[in-house]
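Chemist: Take a look at this one; I'll ask things after.
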Amino acid sequence: MAEIDMEQAPRKAREHFDKGFAAMERGNLDYAIDMFLLSLDICPQLLKSRKYLRAAQVKKYKTSPPSAFQKSLIPVKAAGKTMKAQSLMKKDPSGALRATEDLLTMDPFNVSFVNLNVQAATAAQMPEAAILSLEVIKESNATDVKLLRQLAALYQQVDRLHDARLIYEEVARIAPNDPQSIKMLK
């Protein structure tokens, strides 16, 4: 399933996107997230809506981060959604991707949520959606070699070879003796 542009999206999806964008500009991040999710419910391939959704999730998380207690409860709250996403992975990858968006709303920097999102996006044949999630978490996990390799492989898949090379160079700096990284860089 290929990503589409705004012009190709259904009118209702564009309307929800516009409402979400306006809410985001006003600082109403909860409403913006809801509108972007509604837009993606109508048209899961709408990459622009997914980009702004991710930006709203990150901004909300950074402006009002959860306390240590709240953060410890996130895995408990997310258990049902995680199981739902995992069960939908093979039979309905788009549904699994939608379920992982709810998880990322809880914590956009949770590595297990991001990995599940990347798996769902890959299963739904939407590599750009997977790249979005990995780029966001890359900032907070800049030395995670597995994550960086995964991002570089997705860059290669969508023919962003320059970006892939930069990531492989970064991996080679982090793990200079890793034969897989050296091989991929060449």
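Each chain in the structure tokens gets a letter, A, B, ..., in the order shown, and its residues are numbered from 1; ligands are numbered from 1 in order too.
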Name the residues of region 4-179 of chain A that come out as helix (DSSP H, G or I) in a backbone DSSP run; write them as JSON, numbers by chain.
Modeler: {"A": [6, 7, 8, 11, 12, 13, 14, 15, 16, 17, 18, 19, 20, 21, 22, 23, 24, 25, 26, 29, 30, 31, 32, 33, 34, 35, 36, 37, 38, 39, 40, 41, 42, 47, 48, 49, 50, 51, 52, 53, 54, 55, 56, 57, 58, 59, 60, 61, 62, 63, 68, 69, 70, 71, 72, 73, 74, 75, 76, 77, 78, 79, 80, 81, 82, 83, 84, 85, 86, 87, 88, 89, 90, 91, 93, 94, 95, 96, 97, 98, 99, 100, 101, 102, 103, 104, 105, 106, 111, 112, 113, 114, 115, 116, 117, 118, 119, 120, 121, 122, 123, 127, 128, 129, 130, 131, 132, 133, 134, 135, 136, 137, 138, 139, 140, 145, 146, 147, 148, 149, 150, 151, 152, 153, 154, 155, 156, 157, 161, 162, 163, 164, 165, 166, 167, 168, 169, 170, 171, 172, 173, 174, 179]}
Chemist: Would you give me, as a tab-separated table, each residue of region 81-111 of chain A having an atom within 10 Å of an atom of region 125-140 of chain A, along with its shortest atom pair and that distance in Å to one decimal, using only C-alpha atoms and sorting by chain and residue number?
Modeler:
residue	atom	partner	partner_atom	distance
A:Pro93	CA	A:Gln125	CA	8.6
A:Ser94	CA	A:Gln125	CA	9.2
A:Leu97	CA	A:Ala129	CA	9.2
A:Glu101	CA	A:Ser133	CA	9.9
A:Leu104	CA	A:Ser133	CA	9.0
A:Pro108	CA	A:Ile137	CA	7.6
A:Phe109	CA	A:Ile137	CA	5.6
A:Asn110	CA	A:Ile137	CA	8.0
A:Val111	CA	A:Ile137	CA	7.4
Chemist: For those residues, write N, CA and C atoms to a file as a PDB file, in the first residue's frame.
Modeler:
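Just written: result_3.pdb:
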ATOM      1  N   PRO A  93      -2.688  -5.502   8.586  1.00  0.00           N
ATOM      2  CA  PRO A  93      -1.551  -4.649   8.952  1.00  0.00           C
ATOM      3  C   PRO A  93      -1.926  -3.176   9.132  1.00  0.00           C
ATOM      4  N   SER A  94      -2.893  -2.676   8.361  1.00  0.00           N
ATOM      5  CA  SER A  94      -3.310  -1.275   8.522  1.00  0.00           C
ATOM      6  C   SER A  94      -3.972  -1.067   9.879  1.00  0.00           C
ATOM      7  N   LEU A  97      -1.275  -1.008  12.409  1.00  0.00           N
ATOM      8  CA  LEU A  97      -0.595   0.290  12.367  1.00  0.00           C
ATOM      9  C   LEU A  97      -1.404   1.339  13.125  1.00  0.00           C
ATOM     10  N   GLU A 101      -0.478   3.517  16.643  1.00  0.00           N
ATOM     11  CA  GLU A 101      -0.533   4.981  16.768  1.00  0.00           C
ATOM     12  C   GLU A 101      -1.066   5.377  18.143  1.00  0.00           C
ATOM     13  N   LEU A 104       1.801   5.036  20.518  1.00  0.00           N
ATOM     14  CA  LEU A 104       2.760   6.133  20.388  1.00  0.00           C
ATOM     15  C   LEU A 104       2.212   7.437  20.967  1.00  0.00           C
ATOM     16  N   PRO A 108       5.714   8.417  22.694  1.00  0.00           N
ATOM     17  CA  PRO A 108       6.331   8.328  21.367  1.00  0.00           C
ATOM     18  C   PRO A 108       7.802   7.927  21.388  1.00  0.00           C
ATOM     19  N   PHE A 109       8.411   7.865  22.585  1.00  0.00           N
ATOM     20  CA  PHE A 109       9.823   7.506  22.685  1.00  0.00           C
ATOM     21  C   PHE A 109      10.036   6.101  23.265  1.00  0.00           C
ATOM     22  N   ASN A 110       8.981   5.340  23.422  1.00  0.00           N
ATOM     23  CA  ASN A 110       9.070   3.982  23.933  1.00  0.00           C
ATOM     24  C   ASN A 110       9.566   3.074  22.800  1.00  0.00           C
ATOM     25  N   VAL A 111      10.712   2.456  22.988  1.00  0.00           N
ATOM     26  CA  VAL A 111      11.347   1.663  21.934  1.00  0.00           C
ATOM     27  C   VAL A 111      10.468   0.488  21.510  1.00  0.00           C
TER      28      VAL A 111
END
Chemist: Please identify all polymer residues within 7 Å of region 151-155 of chain A, counting only C-alpha atoms, omitting same-chain residues fewer than 4 positions from it, and present them as a ChimeraX atom specification.
Modeler: /A:127,131,134,147,159-161,163-164,167-168
Chemist: Those same residues, written as a PDB file, in the first residue's frame with N, CA, C and O atoms?
Modeler:
ATOM      1  N   PRO A 127       6.729   1.920   4.075  1.00  0.00           N
ATOM      2  CA  PRO A 127       8.045   2.168   4.667  1.00  0.00           C
ATOM      3  C   PRO A 127       8.251   3.601   5.145  1.00  0.00           C
ATOM      4  O   PRO A 127       8.970   3.829   6.117  1.00  0.00           O
ATOM      5  N   ILE A 131       9.772   4.865   8.688  1.00  0.00           N
ATOM      6  CA  ILE A 131      10.899   5.803   8.755  1.00  0.00           C
ATOM      7  C   ILE A 131      10.574   6.959   9.691  1.00  0.00           C
ATOM      8  O   ILE A 131      11.420   7.372  10.497  1.00  0.00           O
ATOM      9  N   LEU A 134      11.037   5.842  13.288  1.00  0.00           N
ATOM     10  CA  LEU A 134      12.446   5.609  13.614  1.00  0.00           C
ATOM     11  C   LEU A 134      13.230   6.915  13.689  1.00  0.00           C
ATOM     12  O   LEU A 134      14.138   7.056  14.508  1.00  0.00           O
ATOM     13  N   LEU A 147      18.562  -0.186  15.935  1.00  0.00           N
ATOM     14  CA  LEU A 147      17.613   0.799  15.445  1.00  0.00           C
ATOM     15  C   LEU A 147      18.179   1.529  14.223  1.00  0.00           C
ATOM     16  O   LEU A 147      17.482   1.725  13.228  1.00  0.00           O
ATOM     17  N   ASP A 159      14.835   4.144  -1.651  1.00  0.00           N
ATOM     18  CA  ASP A 159      15.830   4.799  -2.510  1.00  0.00           C
ATOM     19  C   ASP A 159      16.334   6.131  -1.968  1.00  0.00           C
ATOM     20  O   ASP A 159      16.617   7.058  -2.730  1.00  0.00           O
ATOM     21  N   ARG A 160      16.474   6.225  -0.666  1.00  0.00           N
ATOM     22  CA  ARG A 160      17.123   7.389  -0.047  1.00  0.00           C
ATOM     23  C   ARG A 160      18.524   6.942   0.349  1.00  0.00           C
ATOM     24  O   ARG A 160      18.864   6.830   1.517  1.00  0.00           O
ATOM     25  N   LEU A 161      19.328   6.681  -0.670  1.00  0.00           N
ATOM     26  CA  LEU A 161      20.634   6.064  -0.475  1.00  0.00           C
ATOM     27  C   LEU A 161      21.619   6.964   0.275  1.00  0.00           C
ATOM     28  O   LEU A 161      22.437   6.479   1.047  1.00  0.00           O
ATOM     29  N   ASP A 163      20.866   9.126   2.620  1.00  0.00           N
ATOM     30  CA  ASP A 163      20.505   9.038   4.035  1.00  0.00           C
ATOM     31  C   ASP A 163      20.957   7.706   4.632  1.00  0.00           C
ATOM     32  O   ASP A 163      21.430   7.654   5.766  1.00  0.00           O
ATOM     33  N   ALA A 164      20.809   6.631   3.857  1.00  0.00           N
ATOM     34  CA  ALA A 164      21.242   5.311   4.328  1.00  0.00           C
ATOM     35  C   ALA A 164      22.746   5.306   4.584  1.00  0.00           C
ATOM     36  O   ALA A 164      23.212   4.783   5.592  1.00  0.00           O
ATOM     37  N   ILE A 167      23.608   7.064   7.802  1.00  0.00           N
ATOM     38  CA  ILE A 167      23.287   6.230   8.969  1.00  0.00           C
ATOM     39  C   ILE A 167      24.336   5.136   9.137  1.00  0.00           C
ATOM     40  O   ILE A 167      24.806   4.877  10.249  1.00  0.00           O
ATOM     41  N   TYR A 168      24.746   4.494   8.029  1.00  0.00           N
ATOM     42  CA  TYR A 168      25.766   3.445   8.132  1.00  0.00           C
ATOM     43  C   TYR A 168      27.104   4.015   8.597  1.00  0.00           C
ATOM     44  O   TYR A 168      27.835   3.359   9.339  1.00  0.00           O
TER      45      TYR A 168
END
Chemist: Between CA of Glu169 (chain A) and CA of Val58 (chain A), measure the distance and give it in Å to one decimal.
Modeler: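 Straight-line distance from CA of Glu169 (chain A) to CA of Val58 (chain A) works out to 26.8 Å.
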Chemist: So which one's closest to Thr100 (chain A), A:Val114, A:Ile74, A:Cys43, A:Ala79? Using only C-alpha atoms, please.
Modeler: A:Val114
Chemist: Please list as a ChimeraX atom specification every residue within 10 Å of region 30-37 of chain A, counting only C-alpha atoms and excluding residues in the same chain fewer than 2 positions away.
Modeler: /A:13-28,39-44,46,48-57,60,98,101-102,105
Chemist: Store the residues picked out above, limited to N, CA, C and O atoms, as a compact mmCIF listing (two decimals), in the first residue's frame.
Modeler:
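Contents of the output file out.txt:
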# COMPACT_ATOMS: atom_id res chain seq x y z
N ALA A 13 -10.97 13.10 4.83
CA ALA A 13 -9.64 12.96 5.45
C ALA A 13 -8.91 14.30 5.44
O ALA A 13 -8.26 14.67 6.42
N ARG A 14 -9.03 15.03 4.34
CA ARG A 14 -8.40 16.36 4.26
C ARG A 14 -9.02 17.33 5.27
O ARG A 14 -8.33 18.14 5.88
N GLU A 15 -10.35 17.24 5.44
CA GLU A 15 -11.02 18.12 6.40
C GLU A 15 -10.53 17.85 7.82
O GLU A 15 -10.25 18.78 8.58
N HIS A 16 -10.43 16.58 8.18
CA HIS A 16 -9.92 16.24 9.52
C HIS A 16 -8.48 16.69 9.68
O HIS A 16 -8.08 17.17 10.74
N PHE A 17 -7.69 16.54 8.63
CA PHE A 17 -6.30 17.01 8.69
C PHE A 17 -6.27 18.51 8.94
O PHE A 17 -5.50 18.99 9.79
N ASP A 18 -7.07 19.27 8.20
CA ASP A 18 -7.09 20.73 8.36
C ASP A 18 -7.51 21.13 9.78
O ASP A 18 -6.93 22.05 10.36
N LYS A 19 -8.50 20.43 10.34
CA LYS A 19 -8.91 20.71 11.72
C LYS A 19 -7.78 20.39 12.70
O LYS A 19 -7.54 21.15 13.64
N GLY A 20 -7.10 19.30 12.46
CA GLY A 20 -5.98 18.92 13.31
C GLY A 20 -4.84 19.92 13.22
O GLY A 20 -4.23 20.29 14.23
N PHE A 21 -4.56 20.37 12.01
CA PHE A 21 -3.49 21.33 11.81
C PHE A 21 -3.82 22.65 12.52
O PHE A 21 -2.95 23.23 13.19
N ALA A 22 -5.07 23.11 12.40
CA ALA A 22 -5.48 24.35 13.07
C ALA A 22 -5.40 24.19 14.59
O ALA A 22 -4.93 25.10 15.29
N ALA A 23 -5.82 23.05 15.09
CA ALA A 23 -5.75 22.80 16.54
C ALA A 23 -4.31 22.77 17.02
O ALA A 23 -4.00 23.26 18.11
N MET A 24 -3.44 22.21 16.21
CA MET A 24 -2.03 22.14 16.59
C MET A 24 -1.42 23.54 16.66
O MET A 24 -0.64 23.84 17.55
N GLU A 25 -1.80 24.40 15.71
CA GLU A 25 -1.30 25.77 15.72
C GLU A 25 -1.78 26.52 16.97
O GLU A 25 -1.07 27.38 17.48
N ARG A 26 -2.99 26.20 17.43
CA ARG A 26 -3.53 26.86 18.63
C ARG A 26 -3.00 26.25 19.91
O ARG A 26 -3.26 26.76 21.00
N GLY A 27 -2.29 25.12 19.80
CA GLY A 27 -1.74 24.47 20.98
C GLY A 27 -2.67 23.45 21.61
O GLY A 27 -2.38 22.94 22.69
N ASN A 28 -3.77 23.14 20.96
CA ASN A 28 -4.71 22.13 21.47
C ASN A 28 -4.27 20.77 20.93
O ASN A 28 -4.82 20.25 19.97
N SER A 39 -8.28 11.33 10.49
CA SER A 39 -7.83 11.44 9.10
C SER A 39 -7.18 10.14 8.64
O SER A 39 -7.42 9.66 7.53
N LEU A 40 -6.36 9.55 9.52
CA LEU A 40 -5.71 8.28 9.17
C LEU A 40 -6.67 7.11 9.18
O LEU A 40 -6.46 6.12 8.47
N ASP A 41 -7.74 7.19 9.98
CA ASP A 41 -8.76 6.15 9.94
C ASP A 41 -9.43 6.11 8.57
O ASP A 41 -9.73 5.04 8.05
N ILE A 42 -9.64 7.28 8.00
CA ILE A 42 -10.27 7.36 6.69
C ILE A 42 -9.29 6.99 5.58
O ILE A 42 -9.63 6.28 4.64
N CYS A 43 -8.06 7.46 5.71
CA CYS A 43 -7.07 7.24 4.67
C CYS A 43 -5.71 6.92 5.32
O CYS A 43 -4.91 7.82 5.55
N PRO A 44 -5.44 5.65 5.62
CA PRO A 44 -4.19 5.27 6.30
C PRO A 44 -2.92 5.62 5.53
O PRO A 44 -1.85 5.72 6.11
N LEU A 46 -2.19 8.40 4.08
CA LEU A 46 -1.93 9.84 4.06
C LEU A 46 -0.72 10.17 4.92
O LEU A 46 -0.82 10.35 6.14
N LYS A 48 1.28 12.79 5.11
CA LYS A 48 1.36 14.12 5.72
C LYS A 48 0.62 14.15 7.06
O LYS A 48 1.10 14.74 8.03
N SER A 49 -0.52 13.49 7.11
CA SER A 49 -1.27 13.43 8.36
C SER A 49 -0.48 12.66 9.42
O SER A 49 -0.46 13.03 10.59
N ARG A 50 0.20 11.61 9.00
CA ARG A 50 1.01 10.81 9.92
C ARG A 50 2.19 11.63 10.45
O ARG A 50 2.55 11.54 11.62
N LYS A 51 2.79 12.46 9.60
CA LYS A 51 3.91 13.31 10.03
C LYS A 51 3.46 14.29 11.10
O LYS A 51 4.13 14.47 12.12
N TYR A 52 2.33 14.94 10.86
CA TYR A 52 1.85 15.91 11.83
C TYR A 52 1.34 15.24 13.09
O TYR A 52 1.47 15.80 14.19
N LEU A 53 0.78 14.05 12.96
CA LEU A 53 0.38 13.29 14.14
C LEU A 53 1.60 13.03 15.01
O LEU A 53 1.57 13.24 16.22
N ARG A 54 2.67 12.55 14.39
CA ARG A 54 3.88 12.24 15.16
C ARG A 54 4.42 13.50 15.81
O ARG A 54 4.84 13.49 16.97
N ALA A 55 4.41 14.63 15.08
CA ALA A 55 4.89 15.89 15.65
C ALA A 55 4.03 16.31 16.85
O ALA A 55 4.56 16.76 17.88
N ALA A 56 2.72 16.14 16.75
CA ALA A 56 1.83 16.50 17.86
C ALA A 56 2.06 15.57 19.05
O ALA A 56 2.06 16.02 20.21
N GLN A 57 2.27 14.27 18.80
CA GLN A 57 2.53 13.33 19.88
C GLN A 57 3.81 13.70 20.62
O GLN A 57 3.84 13.70 21.85
N LYS A 60 3.36 17.01 22.59
CA LYS A 60 2.55 16.81 23.80
C LYS A 60 3.38 16.12 24.87
O LYS A 60 3.34 16.50 26.04
N ARG A 98 -2.72 1.30 12.95
CA ARG A 98 -3.60 2.25 13.66
C ARG A 98 -3.53 2.01 15.18
O ARG A 98 -3.49 2.95 15.96
N GLU A 101 -0.48 3.52 16.64
CA GLU A 101 -0.53 4.98 16.77
C GLU A 101 -1.07 5.38 18.14
O GLU A 101 -0.62 6.36 18.73
N ASP A 102 -2.02 4.61 18.66
CA ASP A 102 -2.52 4.87 20.01
C ASP A 102 -1.42 4.67 21.05
O ASP A 102 -1.32 5.41 22.01
N THR A 105 0.90 7.56 21.04
CA THR A 105 0.31 8.74 21.68
C THR A 105 0.61 8.70 23.17
O THR A 105 0.85 9.74 23.79
Chemist: Find the distance between CA of Lys146 (chain A) and CA of Phe113 (chain A) and write it in Å to one decimal.
Modeler: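 One can read the CA of Lys146 (chain A) to CA of Phe113 (chain A) distance as 15.1 Å.
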Chemist: Within 12 Å of Lys183 (chain A), counting only C-alpha atoms, which residues show up once you throw out same-chain ones fewer than 5 positions away? Write them as a list in words, please.
Modeler: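 The neighbour list is Arg149, Arg165, Tyr168, Glu169, Val171, Ala172, Pro176, Asn177 and Asp178 of chain A.
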Chemist: Please write the residues from the selection above to a file, keeping C-alpha atoms, as a PDB file, in the first residue's frame.
Modeler:
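Written output follows (part-v2.pdb):
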ATOM      1  CA  ARG A 149      20.513  -0.411  10.941  1.00  0.00           C
ATOM      2  CA  ARG A 165      24.945   5.963   3.835  1.00  0.00           C
ATOM      3  CA  TYR A 168      25.766   3.445   8.132  1.00  0.00           C
ATOM      4  CA  GLU A 169      28.641   5.893   8.702  1.00  0.00           C
ATOM      5  CA  VAL A 171      26.871   3.018  12.920  1.00  0.00           C
ATOM      6  CA  ALA A 172      30.500   2.512  11.865  1.00  0.00           C
ATOM      7  CA  PRO A 176      33.899   0.373  14.418  1.00  0.00           C
ATOM      8  CA  ASN A 177      34.647  -3.354  14.694  1.00  0.00           C
ATOM      9  CA  ASP A 178      31.209  -4.531  13.608  1.00  0.00           C
TER      10      ASP A 178
END
Chemist: Have a look at CA of Gly95 (chain A) and CA of Ala123 (chain A) and let me know their distance in Å, one decimal.
Modeler: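 These atoms are spaced 10.7 Å apart.
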Chemist: Find the residue from A:Leu88, A:Ala124, A:Met83, A:Met184 that sits nearest to Gln156 (chain A); use only C-alpha atoms when measuring.
Modeler: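 The closest residue to Gln156 (chain A) is A:Met184.
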